[in-house]
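Student: My structure is below; once you've seen it, I'll send some questions.
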Amino acid sequence: MDDRELIRKLKDPETRSNAFLQLIEKYQERIYVHIRRMVIDHEDANDLVQEVFIKVYQKIESFREDSKIYTWIYRIATNACLNFLAAKKRRMFFSLESTTDQLISKLDESILIDGDEIQRKLHAAILKLPKKQQLVFNLKYFDEMKYEEIHEITGTSVGALKASYHHAVNKIEEYLKEN
Amino acid sequence: MTRKLDDIEKKQIFNVPDGYFKSLPDQILSKVDQKEAKTIYFSPILKWSASIAATIALIIAVSIFTNQPSTVPEIAFDEFTDEQLVDYLIESQGTVDLLAEAVLTTDDWEEMVSEADDISAYLMEEDLLNDILIVDSDSLTIDVFN
């Protein structure tokens, strides 16, 4: 079933439940990984991915179809991640360890993360980036999205996205050189 | 030492527990069902009835308020003898003590304000404020789940 048909069925109360199940099965893995790259911890990613799909279900009537449904879901997921990380940062205001350092230490500690040292170092470098650059880099490098699709998710102009990606790559390579 | 992105193999390093993506859709669907079960729906008739009742209550409250005397009559202490005042204070001692206990100290007030700030800060942090009351303009749905 293509996305247009899926949306039609999602908006019809008679077929909504079945269409929603298909939507989850189609996009759960991509959305989960997108979230996990930003929050690192599996339990946090699990909570957020559920929250995201529940919001999708609740707000499907307001989806205007002027973007693709998966970029709309990515947008909801991205906002959920940014809110989660901002709340975490506020909670850790008096902590000696920064939120970023805590996330980086999880890269080495979590049993649900593999990959060799250089791959973990790459993710550490990504976590050191400002959130916007982090987001653009992940969507472009890992998800191999077009800038136009990233524009639908972030609302940032294609020119600014290209600049962000360029800065991100430079900073990552600088980090890899120094560490 | 690797310095370029191109030298790194692009690989997914984040694993999930066995069977995670098989069970995730059911977990999400059960939460959606729970949320729907705890959603209070107001029919359009109930919505209009509530609006009319609230308007009538407001009109009554405003008319009562505007009919109140604008000034409280002043009573000069000179009109009472010392004896009458002493009798009054003796008789009303209990009440006066209760009132004195009920008066908030500055510290009490600061503590109350601080607690209120903590609660709203917690709600903001947990991003609950938006979720507490979701009003759907079409059916006036109030979500009380969160």
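Within each chain, counting starts at residue 1; across the structure tokens, chains are named A, B, ... in the order shown, with ligands numbered 1 upward in that order.
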Taking only C-alpha atoms into account and nothing else, which residues of chain B lie no more than 6 Å away from chain A? Please answer as a PyMOL selection string.
Tutor: chain B and resi 3-4+13-15+28+125
Student: If you run DSSP over the backbone, which residues in chain A end up alpha helix (DSSP H)? Put them as a ChimeraX atom specification.
Tutor: /A:3-11,16-39,42-59,69-91,99-109,117-128,131-137,147-154,158-178
Student: Could you turn the residues from that selection into a file that holds C-alpha atoms, as a CSV table (one decimal), in the first residue's frame?
Tutor:
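Saved as selection31.csv:
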```
chain,number,residue,atom,x,y,z
A,3,ASP,CA,1.5,6.3,1.5
A,4,ARG,CA,-1.4,8.2,-0.1
A,5,GLU,CA,-3.7,5.2,0.3
A,6,LEU,CA,-2.4,4.7,3.8
A,7,ILE,CA,-3.3,8.3,4.7
A,8,ARG,CA,-6.7,7.9,3.2
A,9,LYS,CA,-7.4,4.8,5.4
A,10,LEU,CA,-5.9,6.5,8.4
A,11,LYS,CA,-8.3,9.4,8.1
A,16,ARG,CA,-8.0,3.6,10.9
A,17,SER,CA,-6.8,0.9,13.3
A,18,ASN,CA,-5.6,-1.4,10.6
A,19,ALA,CA,-3.9,1.4,8.6
A,20,PHE,CA,-2.2,2.6,11.8
A,21,LEU,CA,-0.8,-0.8,12.4
A,22,GLN,CA,0.6,-0.9,8.9
A,23,LEU,CA,2.0,2.6,9.3
A,24,ILE,CA,3.8,1.6,12.5
A,25,GLU,CA,5.2,-1.6,10.9
A,26,LYS,CA,6.4,0.4,7.9
A,27,TYR,CA,8.2,3.2,9.7
A,28,GLN,CA,8.9,2.0,13.3
A,29,GLU,CA,12.5,1.0,12.6
A,30,ARG,CA,13.6,4.2,10.8
A,31,ILE,CA,11.9,6.4,13.4
A,32,TYR,CA,13.3,4.4,16.3
A,33,VAL,CA,16.9,4.6,15.0
A,34,HIS,CA,16.5,8.4,14.3
A,35,ILE,CA,15.4,8.9,17.9
A,36,ARG,CA,18.0,6.5,19.3
A,37,ARG,CA,20.9,8.3,17.5
A,38,MET,CA,19.9,11.5,19.4
A,39,VAL,CA,19.0,10.0,22.9
A,42,HIS,CA,17.3,2.3,24.4
A,43,GLU,CA,14.7,2.8,27.1
A,44,ASP,CA,14.4,6.5,26.4
A,45,ALA,CA,14.2,5.8,22.6
A,46,ASN,CA,11.5,3.2,23.3
A,47,ASP,CA,9.4,5.7,25.3
A,48,LEU,CA,9.8,8.3,22.7
A,49,VAL,CA,9.0,6.2,19.7
A,50,GLN,CA,5.7,5.1,21.4
A,51,GLU,CA,4.9,8.7,22.2
A,52,VAL,CA,5.6,9.7,18.6
A,53,PHE,CA,3.3,7.1,17.1
A,54,ILE,CA,0.5,7.9,19.6
A,55,LYS,CA,0.8,11.6,18.6
A,56,VAL,CA,0.6,10.6,14.9
A,57,TYR,CA,-2.6,8.7,15.6
A,58,GLN,CA,-4.1,11.6,17.6
A,59,LYS,CA,-3.1,14.3,15.0
A,69,ILE,CA,3.8,11.3,5.8
A,70,TYR,CA,7.2,10.0,6.8
A,71,THR,CA,8.8,13.4,6.9
A,72,TRP,CA,5.8,14.5,9.1
A,73,ILE,CA,6.5,11.6,11.4
A,74,TYR,CA,10.2,12.5,11.4
A,75,ARG,CA,9.3,16.0,12.3
A,76,ILE,CA,7.2,14.9,15.3
A,77,ALA,CA,10.0,12.5,16.4
A,78,THR,CA,12.6,15.3,16.1
A,79,ASN,CA,10.5,17.7,18.2
A,80,ALA,CA,9.9,14.9,20.8
A,81,CYS,CA,13.7,14.3,21.0
A,82,LEU,CA,14.6,18.0,21.3
A,83,ASN,CA,12.0,18.5,24.1
A,84,PHE,CA,13.3,15.4,25.9
A,85,LEU,CA,16.9,16.5,25.7
A,86,ALA,CA,16.0,20.1,26.7
A,87,ALA,CA,14.2,18.7,29.8
A,88,LYS,CA,17.1,16.4,30.6
A,89,LYS,CA,19.5,19.4,30.4
A,90,ARG,CA,17.3,21.4,32.8
A,91,ARG,CA,17.2,18.5,35.2
A,99,THR,CA,24.1,16.0,29.2
A,100,THR,CA,26.4,15.4,26.1
A,101,ASP,CA,29.1,13.8,28.2
A,102,GLN,CA,26.5,11.5,29.8
A,103,LEU,CA,25.2,10.5,26.4
A,104,ILE,CA,28.8,9.9,25.2
A,105,SER,CA,29.6,7.7,28.2
A,106,LYS,CA,26.5,5.6,27.4
A,107,LEU,CA,28.0,4.8,24.0
A,108,ASP,CA,30.8,2.8,25.7
A,109,GLU,CA,28.7,1.4,28.6
A,117,GLU,CA,35.9,2.1,18.5
A,118,ILE,CA,36.0,4.4,15.5
A,119,GLN,CA,32.2,4.0,14.9
A,120,ARG,CA,31.5,4.9,18.6
A,121,LYS,CA,33.9,7.8,18.2
A,122,LEU,CA,32.0,9.0,15.2
A,123,HIS,CA,28.8,9.0,17.3
A,124,ALA,CA,30.6,10.8,20.1
A,125,ALA,CA,31.7,13.5,17.6
A,126,ILE,CA,28.1,13.8,16.3
A,127,LEU,CA,26.8,14.2,19.9
A,128,LYS,CA,29.3,17.1,20.4
A,131,LYS,CA,21.5,20.0,17.9
A,132,LYS,CA,20.6,21.4,14.5
A,133,GLN,CA,23.9,20.3,12.9
A,134,GLN,CA,23.5,16.9,14.6
A,135,LEU,CA,20.0,16.5,13.1
A,136,VAL,CA,21.0,17.6,9.6
A,137,PHE,CA,24.1,15.3,9.7
A,147,TYR,CA,17.9,18.2,1.3
A,148,GLU,CA,14.4,18.9,0.2
A,149,GLU,CA,13.1,16.1,2.6
A,150,ILE,CA,15.3,17.5,5.4
A,151,HIS,CA,13.7,20.9,4.7
A,152,GLU,CA,10.2,19.4,5.2
A,153,ILE,CA,11.3,18.0,8.6
A,154,THR,CA,13.2,21.0,9.9
A,158,VAL,CA,18.1,24.1,1.6
A,159,GLY,CA,21.0,26.5,1.5
A,160,ALA,CA,21.2,26.7,5.2
A,161,LEU,CA,21.0,22.9,5.5
A,162,LYS,CA,23.9,22.5,3.1
A,163,ALA,CA,26.0,24.9,5.1
A,164,SER,CA,25.0,23.1,8.4
A,165,TYR,CA,26.0,19.8,6.9
A,166,HIS,CA,29.3,21.2,5.7
A,167,HIS,CA,30.1,22.6,9.1
A,168,ALA,CA,29.1,19.3,10.8
A,169,VAL,CA,31.4,17.3,8.6
A,170,ASN,CA,34.3,19.6,9.3
A,171,LYS,CA,33.8,19.5,13.0
A,172,ILE,CA,33.4,15.7,13.0
A,173,GLU,CA,36.7,15.3,11.1
A,174,GLU,CA,38.4,17.7,13.4
A,175,TYR,CA,37.2,15.7,16.5
A,176,LEU,CA,38.3,12.5,14.9
A,177,LYS,CA,41.8,14.0,14.3
A,178,GLU,CA,42.1,15.2,17.9
```
Student: Kindly give the distance, in Å, that separates CA of Thr15 (chain A) and CA of Met1 (chain A), rounded to a single decimal.
Tutor: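 One can read the CA of Thr15 (chain A) to CA of Met1 (chain A) distance as 13.3 Å.
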Student: Between CA of Gln12 (chain B) and CA of Pro130 (chain A), what is the distance, to one decimal in Å?
Tutor: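 Distance between the two atoms: 21.7 Å.
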Student: To one decimal place in Å, what is the distance between CA of Leu96 (chain A) and CA of Leu129 (chain A)?
Tutor: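 Separation of CA of Leu96 (chain A) and CA of Leu129 (chain A): 19.8 Å.
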